[in-house]
$ cat input_9.cif   # mmCIF, C-alpha atoms
data_work
loop_
_atom_site.label_atom_id
_atom_site.label_comp_id
_atom_site.auth_asym_id
_atom_site.auth_seq_id
_atom_site.Cartn_x
_atom_site.Cartn_y
_atom_site.Cartn_z
CA MET O 1 52.11 39.80 149.75
CA ASP O 2 49.37 40.12 147.10
CA ARG O 3 47.48 43.39 146.99
CA PRO O 4 43.67 43.20 147.41
CA LEU O 5 41.86 41.61 144.49
CA SER O 6 39.24 43.88 142.89
CA VAL O 7 36.00 41.85 142.56
CA LEU O 8 32.59 42.60 141.02
CA VAL O 9 29.70 40.38 142.18
CA VAL O 10 26.78 40.16 139.75
CA GLU O 11 23.91 38.56 141.68
CA ASP O 12 20.22 39.57 141.76
CA ASP O 13 19.59 37.75 145.07
CA GLU O 14 20.49 40.43 147.64
CA LEU O 15 21.04 37.95 150.47
CA GLN O 16 23.31 35.77 148.32
CA ALA O 17 25.16 38.85 147.08
CA GLU O 18 25.71 40.06 150.67
CA TYR O 19 26.96 36.65 151.75
CA LEU O 20 29.41 36.50 148.83
CA SER O 21 30.65 40.02 149.48
CA ILE O 22 31.40 39.26 153.14
CA MET O 23 33.31 36.10 152.27
CA LEU O 24 35.28 37.87 149.56
CA GLU O 25 36.20 40.74 151.87
CA GLN O 26 37.32 38.27 154.52
CA ALA O 27 39.58 36.73 151.85
CA GLY O 28 41.25 40.12 151.29
CA CYS O 29 39.27 41.38 148.30
CA THR O 30 37.70 44.76 147.58
CA VAL O 31 34.11 44.09 146.50
CA ARG O 32 31.30 45.82 144.64
CA SER O 33 27.92 44.16 144.09
CA VAL O 34 25.35 44.82 141.32
CA GLY O 35 22.01 43.15 140.63
CA ASP O 36 21.79 42.75 136.85
CA GLY O 37 23.89 42.34 133.73
CA SER O 38 23.31 45.80 132.22
CA VAL O 39 24.61 47.52 135.34
CA ALA O 40 27.55 45.12 135.38
CA LEU O 41 28.51 46.10 131.81
CA GLY O 42 28.49 49.77 132.79
CA ALA O 43 30.51 49.09 135.93
CA VAL O 44 33.21 47.26 133.97
CA LEU O 45 33.46 50.16 131.52
CA GLU O 46 33.91 52.65 134.37
CA ASN O 47 36.30 50.65 136.56
CA THR O 48 38.83 47.85 136.37
CA TYR O 49 37.87 44.55 138.00
CA GLU O 50 40.22 41.61 138.17
CA MET O 51 37.60 39.03 139.13
CA LEU O 52 33.88 38.81 138.40
CA VAL O 53 31.51 36.40 140.14
CA ILE O 54 28.43 36.12 137.91
CA ASP O 55 25.20 34.28 138.58
CA TRP O 56 23.93 32.26 135.64
CA GLN O 57 20.31 33.32 136.12
CA LEU O 58 20.02 37.12 135.93
CA PRO O 59 17.17 39.42 134.90
CA GLY O 60 17.56 40.76 131.35
CA ILE O 61 21.03 39.66 130.33
CA ASP O 62 21.81 36.20 131.71
CA GLY O 63 25.23 35.14 132.94
CA ILE O 64 26.25 33.43 129.68
CA ASP O 65 25.37 36.43 127.52
CA LEU O 66 26.99 38.84 130.00
CA THR O 67 30.20 36.82 129.99
CA ARG O 68 30.26 36.77 126.20
CA ARG O 69 29.76 40.56 126.01
CA LEU O 70 32.41 41.21 128.63
CA ARG O 71 34.96 39.16 126.72
CA LYS O 72 34.09 40.89 123.47
CA SER O 73 34.35 44.40 124.91
CA ALA O 74 37.46 43.78 127.05
CA ARG O 75 40.09 46.49 126.73
CA ASP O 76 43.45 45.52 125.27
CA GLY O 77 45.80 44.32 127.99
CA SER O 78 43.03 43.96 130.59
CA TYR O 79 42.42 40.74 132.47
CA MET O 80 39.25 39.52 134.15
CA HIS O 81 38.92 36.17 135.87
CA ILE O 82 35.25 35.22 135.45
CA VAL O 83 33.63 32.80 137.88
CA MET O 84 30.21 31.48 136.87
CA MET O 85 27.73 30.58 139.66
CA THR O 86 25.09 27.99 138.86
CA ALA O 87 23.01 25.30 140.49
CA ARG O 88 23.29 23.22 137.31
CA ALA O 89 26.32 20.98 137.00
CA GLU O 90 25.54 19.31 133.67
CA SER O 91 28.33 18.94 131.15
CA GLU O 92 26.44 20.98 128.57
CA THR O 93 26.05 23.85 131.04
CA ILE O 94 29.76 23.86 131.80
CA ARG O 95 30.62 23.67 128.09
CA ARG O 96 28.41 26.66 127.23
CA ALA O 97 29.92 28.73 130.04
CA MET O 98 33.47 27.89 128.96
CA GLU O 99 32.69 28.74 125.33
CA ALA O 100 31.35 32.11 126.49
CA GLY O 101 34.60 32.81 128.36
CA ALA O 102 34.13 31.58 131.95
CA ASP O 103 37.34 30.62 133.79
CA ASP O 104 35.92 28.96 136.88
CA PHE O 105 32.68 27.66 138.44
CA LEU O 106 30.85 27.82 141.77
CA TYR O 107 28.06 25.32 142.19
CA LYS O 108 25.20 26.36 144.45
CA PRO O 109 25.07 25.82 147.31
CA PHE O 110 28.86 26.30 147.46
CA GLU O 111 31.30 25.68 150.25
CA PRO O 112 33.61 28.54 151.35
CA ILE O 113 36.63 26.46 150.33
CA HIS O 114 35.39 26.45 146.73
CA LEU O 115 35.26 30.24 146.73
CA GLU O 116 38.78 30.34 148.20
CA LEU O 117 39.97 28.07 145.40
CA ALA O 118 38.44 30.40 142.81
CA ILE O 119 40.13 33.41 144.45
CA GLY O 120 43.47 31.58 144.52
CA SER O 121 43.10 30.65 140.86
CA ALA O 122 42.32 34.28 139.96
CA ARG O 123 45.37 35.53 141.86
CA ARG O 124 47.68 32.99 140.25
CA ASN O 125 46.43 33.86 136.78
CA LEU O 126 46.77 37.56 137.55
CA ARG O 127 50.36 37.11 138.77
CA GLN O 128 51.24 35.11 135.66
CA ARG O 129 49.61 37.77 133.52
CA ARG O 130 51.63 40.53 135.19
CA ARG O 131 54.85 38.54 134.82
CA LEU O 132 54.07 38.02 131.14
CA GLU O 133 53.30 41.71 130.65
CA GLU O 134 56.54 42.69 132.39
CA ARG O 135 58.48 40.19 130.31
CA ASN O 136 56.85 41.49 127.13
CA ARG O 137 57.62 45.05 128.19
CA MET O 138 61.28 44.14 128.73
CA ILE O 139 61.41 42.31 125.39
CA ALA O 140 59.83 45.30 123.64
CA GLN O 141 62.33 47.63 125.30
CA ALA O 142 65.22 45.36 124.34
CA HIS O 143 63.86 45.22 120.79
CA ARG O 144 63.69 49.03 120.61
CA GLU O 145 67.24 49.35 121.94
CA THR O 146 68.51 46.68 119.54
CA ARG O 147 66.70 48.33 116.64
CA ALA O 148 68.23 51.69 117.55
CA ALA O 149 71.69 50.11 117.78
CA LEU O 150 71.21 48.36 114.43
CA ASP O 151 70.04 51.61 112.84
CA HIS O 152 73.16 53.28 114.19
CA VAL O 153 75.39 50.50 112.86
CA ARG O 154 73.58 50.60 109.51
CA ALA O 155 74.12 54.35 109.27
CA ASP O 156 77.81 53.88 110.08
CA LEU O 157 78.12 51.15 107.45
CA GLU O 158 76.39 53.32 104.85
CA ALA O 159 78.76 56.18 105.66
CA ALA O 160 81.77 53.85 105.43
CA ALA O 161 80.51 52.38 102.14
CA ALA O 162 80.05 55.90 100.74
CA LEU O 163 83.60 56.76 101.82
CA HIS O 164 84.89 53.58 100.18
CA ARG O 165 83.21 54.51 96.91
CA ARG O 166 84.62 58.04 97.07
CA LEU O 167 88.09 56.45 97.05
CA LEU O 168 87.39 54.97 93.62
CA PRO O 169 89.29 56.80 90.87
CA GLY O 170 86.75 56.06 88.13
CA GLY O 171 86.15 58.86 85.61
CA ALA O 172 89.51 60.51 86.27
CA ARG O 173 92.04 61.38 83.62
CA ILE O 174 95.74 61.62 84.40
CA GLY O 175 97.60 62.92 81.37
CA PRO O 176 96.84 60.55 78.50
CA LEU O 177 95.49 57.85 80.86
CA GLU O 178 91.71 57.60 81.10
CA VAL O 179 90.75 55.76 84.31
CA SER O 180 87.64 53.55 84.54
CA THR O 181 86.53 51.25 87.36
CA ILE O 182 83.95 48.64 88.21
CA TYR O 183 83.27 47.99 91.87
CA GLN O 184 80.59 45.62 93.21
CA PRO O 185 81.20 44.51 96.83
CA ALA O 186 79.84 41.18 98.06
CA MET O 187 78.52 42.96 101.17
CA GLN O 188 77.77 46.58 101.96
CA LEU O 189 81.46 46.96 102.75
CA GLY O 190 83.98 45.04 100.68
CA GLY O 191 87.59 44.06 101.11
CA ASP O 192 88.67 45.29 97.67
CA SER O 193 90.17 48.70 97.03
CA ILE O 194 91.23 50.49 93.85
CA GLY O 195 93.66 53.40 93.71
CA VAL O 196 95.24 55.62 91.08
CA CYS O 197 97.32 58.76 91.65
CA GLN O 198 100.18 60.69 90.11
CA VAL O 199 103.53 60.51 91.90
CA ASP O 200 106.83 62.37 91.66
CA GLY O 201 108.50 62.28 88.28
CA GLY O 202 105.23 62.22 86.34
CA ALA O 203 104.53 58.49 86.71
CA THR O 204 101.09 57.19 87.67
CA LEU O 205 100.72 54.80 90.61
CA PHE O 206 97.90 52.23 90.33
CA PHE O 207 96.79 49.29 92.45
CA VAL O 208 93.96 46.83 93.06
CA VAL O 209 93.88 45.27 96.55
CA ASP O 210 91.81 42.25 97.60
CA VAL O 211 91.84 41.64 101.35
CA ARG O 212 90.79 38.23 102.65
CA GLY O 213 87.13 38.15 103.72
CA HIS O 214 84.30 40.67 103.53
CA GLY O 215 82.60 43.18 105.76
CA VAL O 216 84.03 45.63 108.27
CA PRO O 217 87.35 43.86 109.15
CA ALA O 218 88.29 43.39 105.49
CA ALA O 219 87.21 46.94 104.62
CA LEU O 220 89.31 48.44 107.43
CA GLU O 221 92.41 46.55 106.29
CA SER O 222 91.68 47.56 102.72
CA PHE O 223 91.45 51.23 103.79
CA HIS O 224 94.76 50.85 105.60
CA ILE O 225 96.61 49.43 102.60
CA HIS O 226 95.02 52.00 100.27
CA HIS O 227 96.12 54.97 102.37
CA ARG O 228 99.55 53.48 103.13
CA LEU O 229 100.26 53.05 99.42
CA LYS O 230 99.15 56.57 98.59
CA GLY O 231 101.20 57.87 101.50
CA LEU O 232 104.29 55.96 100.41
CA ALA O 233 103.70 57.09 96.81
CA PRO O 234 106.49 54.98 95.27
CA SER O 235 107.73 56.71 92.12
CA SER O 236 110.29 54.21 90.82
CA PRO O 237 110.51 50.43 90.38
CA GLU O 238 112.82 50.14 93.39
CA ALA O 239 110.54 52.28 95.57
CA LEU O 240 107.62 50.09 94.45
CA ARG O 241 109.46 46.97 95.60
CA ARG O 242 110.33 48.52 98.98
CA ALA O 243 106.72 49.62 99.48
CA MET O 244 105.48 46.06 98.90
CA GLU O 245 108.07 44.64 101.29
CA GLY O 246 107.06 47.11 103.99
CA LEU O 247 103.33 46.41 103.62
CA ASN O 248 104.00 42.67 103.63
CA GLN O 249 105.94 42.90 106.89
CA GLU O 250 103.16 44.97 108.50
CA LEU O 251 100.50 42.39 107.63
CA ALA O 252 102.72 39.43 108.55
CA ALA O 253 103.40 40.96 111.98
CA ASP O 254 99.66 41.21 112.66
CA GLU O 255 98.54 38.51 115.12
CA GLY O 256 95.40 37.85 113.08
CA GLU O 257 95.12 35.86 109.87
CA THR O 258 94.75 38.85 107.56
CA TYR O 259 96.36 38.72 104.15
CA ALA O 260 95.78 40.47 100.86
CA THR O 261 96.44 39.91 97.20
CA ILE O 262 97.55 42.98 95.27
CA LEU O 263 98.60 44.09 91.85
CA CYS O 264 100.43 47.39 92.14
CA GLY O 265 102.39 49.27 89.52
CA LEU O 266 103.62 52.42 87.88
CA VAL O 267 102.92 53.71 84.38
CA ALA O 268 105.14 56.22 82.58
CA PRO O 269 103.13 57.13 79.45
CA GLU O 270 105.87 59.30 77.97
CA GLN O 271 108.13 56.24 78.04
CA GLN O 272 105.30 53.96 76.85
CA ARG O 273 106.10 51.47 79.56
CA GLY O 274 105.30 50.56 83.13
CA TRP O 275 106.30 48.32 86.01
CA MET O 276 104.18 46.15 88.25
CA ILE O 277 104.30 43.72 91.17
CA ARG O 278 101.79 40.88 91.35
CA ALA O 279 101.34 39.33 94.81
CA GLY O 280 98.83 36.47 94.69
CA HIS O 281 96.58 38.50 92.37
CA PRO O 282 95.02 37.37 89.06
CA GLN O 283 97.02 38.10 85.91
CA PRO O 284 96.29 41.49 84.32
CA MET O 285 95.07 41.88 80.74
CA MET O 286 96.22 44.14 77.93
CA VAL O 287 93.92 45.36 75.16
CA ARG O 288 95.65 46.13 71.86
CA GLY O 289 93.86 46.69 68.57
CA GLY O 290 90.70 44.90 69.65
CA MET O 291 92.60 41.90 70.97
CA VAL O 292 92.46 41.02 74.68
CA GLU O 293 95.67 39.40 75.90
CA THR O 294 96.33 37.98 79.36
CA LEU O 295 99.80 39.05 80.44
CA ASP O 296 102.23 36.61 82.01
CA ILE O 297 103.54 38.54 85.01
CA GLU O 298 105.70 36.64 87.48
CA GLY O 299 103.99 36.57 90.86
CA SER O 300 104.88 36.30 94.52
CA PHE O 301 102.99 35.28 97.66
CA PRO O 302 100.10 37.44 98.93
CA LEU O 303 100.92 40.21 101.39
CA GLY O 304 100.98 38.87 104.94
CA TRP O 305 101.78 35.22 104.24
CA PHE O 306 105.51 35.24 104.90
CA GLU O 307 107.47 38.08 106.47
CA ASP O 308 110.53 37.53 104.25
CA SER O 309 108.68 37.27 100.92
CA GLN O 310 110.49 38.74 97.91
CA PHE O 311 108.68 40.87 95.34
CA ASP O 312 109.90 41.05 91.76
CA VAL O 313 109.17 44.12 89.65
CA CYS O 314 108.13 43.26 86.10
CA GLU O 315 108.27 45.72 83.21
CA PHE O 316 105.55 45.91 80.54
CA ALA O 317 104.86 48.00 77.44
CA LEU O 318 101.89 50.37 77.21
CA ALA O 319 101.56 52.06 73.83
CA PRO O 320 98.99 54.68 72.83
CA GLY O 321 95.67 53.05 71.94
CA SER O 322 96.18 50.17 74.37
CA ALA O 323 94.55 49.62 77.75
CA LEU O 324 95.74 47.84 80.89
CA VAL O 325 93.02 45.90 82.77
CA VAL O 326 93.50 44.80 86.39
CA HIS O 327 90.78 42.88 88.25
CA SER O 328 90.18 40.93 91.44
CA ASP O 329 89.40 37.20 91.52
CA GLY O 330 85.69 37.97 92.05
CA LEU O 331 85.37 38.67 88.32
CA GLU O 332 84.20 35.40 86.80
CA GLY O 333 81.33 33.88 84.86
CA GLU O 334 78.90 36.24 83.11
CA PRO O 335 80.47 39.48 84.46
CA ALA O 336 83.86 38.39 83.06
CA ASP O 337 82.32 37.51 79.69
CA ARG O 338 80.56 40.88 79.45
CA LEU O 339 83.76 42.73 80.26
CA GLU O 340 85.75 40.85 77.61
CA ASN O 341 83.09 41.66 74.98
CA ILE O 342 83.36 45.37 75.82
CA LEU O 343 87.15 45.31 75.71
CA SER O 344 87.15 43.50 72.36
CA ASP O 345 84.88 46.10 70.73
CA ARG O 346 86.40 49.42 71.75
CA SER O 347 85.25 51.14 68.55
CA ALA O 348 81.57 51.05 69.54
CA ARG O 349 81.85 53.81 72.17
CA PRO O 350 84.35 55.22 74.67
CA LEU O 351 85.67 52.57 77.03
CA CYS O 352 84.86 54.60 80.16
CA GLU O 353 81.23 54.95 79.04
CA ALA O 354 80.89 51.23 78.27
CA LEU O 355 82.41 50.24 81.61
CA GLY O 356 80.11 52.63 83.48
CA GLN O 357 77.12 51.00 81.81
CA LEU O 358 78.49 47.53 82.66
CA ASP O 359 78.92 48.57 86.31
CA ARG O 360 75.23 49.52 86.48
CA GLU O 361 74.17 46.32 84.71
CA LEU O 362 76.21 44.20 87.12
CA ALA O 363 74.54 45.91 90.09
CA GLU O 364 71.14 44.86 88.69
CA LEU O 365 72.38 41.37 87.76
CA ILE O 366 73.82 40.73 91.22
CA GLY O 367 70.82 42.20 93.05
CA PRO O 368 70.52 43.29 96.70
CA GLU O 369 71.93 40.00 98.03
CA GLY O 370 75.35 40.84 96.60
CA ALA O 371 77.87 38.78 94.69
CA ALA O 372 79.67 35.74 96.06
CA ASP O 373 82.88 37.79 96.13
CA ASP O 374 83.88 41.41 95.65
CA ILE O 375 84.21 42.40 91.99
CA SER O 376 86.81 45.07 91.23
CA VAL O 377 88.11 46.16 87.84
CA LEU O 378 90.57 48.95 87.01
CA VAL O 379 91.18 50.01 83.40
CA LEU O 380 93.94 52.42 82.36
CA ASP O 381 93.16 53.43 78.78
CA TYR O 382 96.14 55.12 77.10
CA ARG O 383 94.61 57.79 74.86
CA GLU O 384 96.42 60.58 73.13
CA GLN O 385 95.65 63.94 74.72
CA GLU O 386 93.28 65.98 72.62
#
$ encode --input "input_9.cif" --output "structure tokens"
Amino acid sequence: MDRPLSVLVVEDDELQAEYLSIMLEQAGCTVRSVGDGSVALGAVLENTYEMLVIDWQLPGIDGIDLTRRLRKSARDGSYMHIVMMTARAESETIRRAMEAGADDFLYKPFEPIHLELAIGSARRNLRQRRRLEERNRMIAQAHRETRAALDHVRADLEAAAALHRRLLPGGARIGPLEVSTIYQPAMQLGGDSIGVCQVDGGATLFFVVDVRGHGVPAALESFHIHHRLKGLAPSSPEALRRAMEGLNQELAADEGETYATILCGLVAPEQQRGWMIRAGHPQPMMVRGGMVETLDIEGSFPLGWFEDSQFDVCEFALAPGSALVVHSDGLEGEPADRLENILSDRSARPLCEALGQLDRELAELIGPEGAADDISVLVLDYREQE
């Protein structure tokens, strides 16, 4: 059941005002009556009225001007259903009243049924208004909750991205090997991972992983492979092969469609050689005397494609003054050209410094929208210890 409608009658004819008030009260309204427009303006400022019945002809401020002022001064979120009373039914009169803000009309002398229709119209509009306000309130609440959830997710992603970057080995030096990296994810979190660490026997383990896809799922799988490899810490060619077979079986047993390309290897600087396994990954490059050479390393299927895949360990030479370059397949076009120019002119400045500058330039070149694919580069520069 509707609660009583709050009505203000603005009518200078006391008898007419009394008659209207009685009829409105009988229709279930609470009524106040005033005799001129100035008093009506003050009454609306002091109290909330849901329906106003205004006579066109009023002393001082007429009904049209009063309606216009009421609409102009209405408080945000308030609703008033304005009914204009007039003895004039010309089209121009109706048009002027509507332009001023009138919602309904009572033509003098009016029948009670016409007043009931106006009351019904006011109640319907008020109900619709309340439903709309409630719906807007719920939408606003849902928006606030969604915004809070997104802020929380964004904070988590930023923390995860920061952790991912802390895993990068760039700027490290392991014996005579100077380590440099470039890492530009396609999204805030990427599916690439780069790792370098020393293992038993003095060898250095290195790897670049490229997990299928981008975002959180790819990043989580990339984290997993990164930490598994460092935990396994293969220190010999045979241990390297077994590590790849184990990781491959883990990914192949996963019910999803996850797979990863990887180039993983060991470097023994004192022996001036190394060993690597290439599983679906781009060919590495070797820089010797200002010449950039693409190595021809036999490859196998990506990790996770086939459970019984075999992984061949390939040996390569790494002499002092040379540098091994491993990259993901996201390196192409202008970024690839810039990298090759830097590698070809090693005499200009230290390789780690040049690659750091290139990493910053690529971030500006790619922009906030990110690259089409993750870009990862690992460089192991064999320099004699000072």
$ resolve_selection --input "input_9.cif" --expression "the PyMOL selection byres ((chain O and resi 193-202) around 8)" --output "JSON, numbers by chain"
{"O": [164, 167, 168, 169, 174, 191, 192, 203, 204, 205, 206, 207, 208, 209, 210, 222, 223, 226, 230, 233, 234, 235, 268, 376, 378]}
$ axis_aligned_box --input "input_9.cif" --around "range 142-159 of chain O" --padding-each-side "6 Å" --output "JSON"
{"center_x": 71.2, "center_y": 50.7, "center_z": 114.6, "size_x": 27.1, "size_y": 23.0, "size_z": 31.5}
$ resolve_selection --input "input_9.cif" --expression "the PyMOL selection byres ((chain O and resi 281-285) around 7)" --output "count of residues only"
20
$ resolve_selection --input "input_9.cif" --expression "the PyMOL selection byres ((chain O and resi 217) around 12)" --output "ChimeraX atom specification"
/O:157,187,189-192,211-216,218-224,256-259
$ residues_near_point --input "input_9.cif" --point "(27.0, 23.5, 136.1)" --cutoff "10 Å" --atoms "all atoms listed in the file" --output "number ranges by chain"
O: 56, 84-97, 105-108
$ closest_residue --input "input_9.cif" --among "O:Ser121, O:Gln184, O:Gln271, O:Ser21" --to "Glu361 in chain O" --atoms "all atoms listed in the file"
O:Gln184
$ atom_distance --input "input_9.cif" --atom1 "CA of Leu8 in chain O" --atom2 "CA of Gly42 in chain O"
11.7 Å
$ closest_residue --input "input_9.cif" --among "O:Gly63, O:Pro320, O:Pro4, O:Gly356" --to "Thr30 in chain O" --atoms "only C-alpha atoms"
O:Pro4
$ atom_distance --input "input_9.cif" --atom1 "CA of Leu331 in chain O" --atom2 "CA of Arg173 in chain O"
24.1 Å
$ build_atoms --input "input_9.cif" --residues "range 135-148 of chain O" --atoms "N, CA and C atoms" --output "mmCIF file, keeping the file's coordinate frame"
data_model
loop_
_atom_site.group_PDB
_atom_site.id
_atom_site.type_symbol
_atom_site.label_atom_id
_atom_site.label_comp_id
_atom_site.auth_asym_id
_atom_site.auth_seq_id
_atom_site.Cartn_x
_atom_site.Cartn_y
_atom_site.Cartn_z
ATOM 1 N N ARG O 135 57.517 40.808 131.213
ATOM 2 C CA ARG O 135 58.480 40.190 130.310
ATOM 3 C C ARG O 135 58.339 40.757 128.898
ATOM 4 N N ASN O 136 57.082 40.911 128.455
ATOM 5 C CA ASN O 136 56.850 41.490 127.130
ATOM 6 C C ASN O 136 57.343 42.930 127.055
ATOM 7 N N ARG O 137 57.144 43.664 128.160
ATOM 8 C CA ARG O 137 57.620 45.050 128.190
ATOM 9 C C ARG O 137 59.151 45.088 128.066
ATOM 10 N N MET O 138 59.814 44.181 128.788
ATOM 11 C CA MET O 138 61.280 44.140 128.730
ATOM 12 C C MET O 138 61.756 43.718 127.337
ATOM 13 N N ILE O 139 61.041 42.744 126.737
ATOM 14 C CA ILE O 139 61.410 42.310 125.390
ATOM 15 C C ILE O 139 61.218 43.449 124.395
ATOM 16 N N ALA O 140 60.087 44.174 124.535
ATOM 17 C CA ALA O 140 59.830 45.300 123.640
ATOM 18 C C ALA O 140 60.896 46.378 123.797
ATOM 19 N N GLN O 141 61.288 46.637 125.058
ATOM 20 C CA GLN O 141 62.330 47.630 125.300
ATOM 21 C C GLN O 141 63.663 47.183 124.701
ATOM 22 N N ALA O 142 63.977 45.887 124.909
ATOM 23 C CA ALA O 142 65.220 45.360 124.340
ATOM 24 C C ALA O 142 65.188 45.424 122.810
ATOM 25 N N HIS O 143 64.000 45.149 122.245
ATOM 26 C CA HIS O 143 63.860 45.220 120.790
ATOM 27 C C HIS O 143 64.084 46.649 120.296
ATOM 28 N N ARG O 144 63.502 47.631 121.005
ATOM 29 C CA ARG O 144 63.690 49.030 120.610
ATOM 30 C C ARG O 144 65.163 49.433 120.688
ATOM 31 N N GLU O 145 65.819 49.008 121.777
ATOM 32 C CA GLU O 145 67.240 49.350 121.940
ATOM 33 C C GLU O 145 68.093 48.679 120.867
ATOM 34 N N THR O 146 67.764 47.395 120.580
ATOM 35 C CA THR O 146 68.510 46.680 119.540
ATOM 36 C C THR O 146 68.280 47.308 118.178
ATOM 37 N N ARG O 147 67.020 47.684 117.927
ATOM 38 C CA ARG O 147 66.700 48.330 116.640
ATOM 39 C C ARG O 147 67.455 49.646 116.497
ATOM 40 N N ALA O 148 67.499 50.415 117.588
ATOM 41 C CA ALA O 148 68.230 51.690 117.550
ATOM 42 C C ALA O 148 69.715 51.453 117.300
#
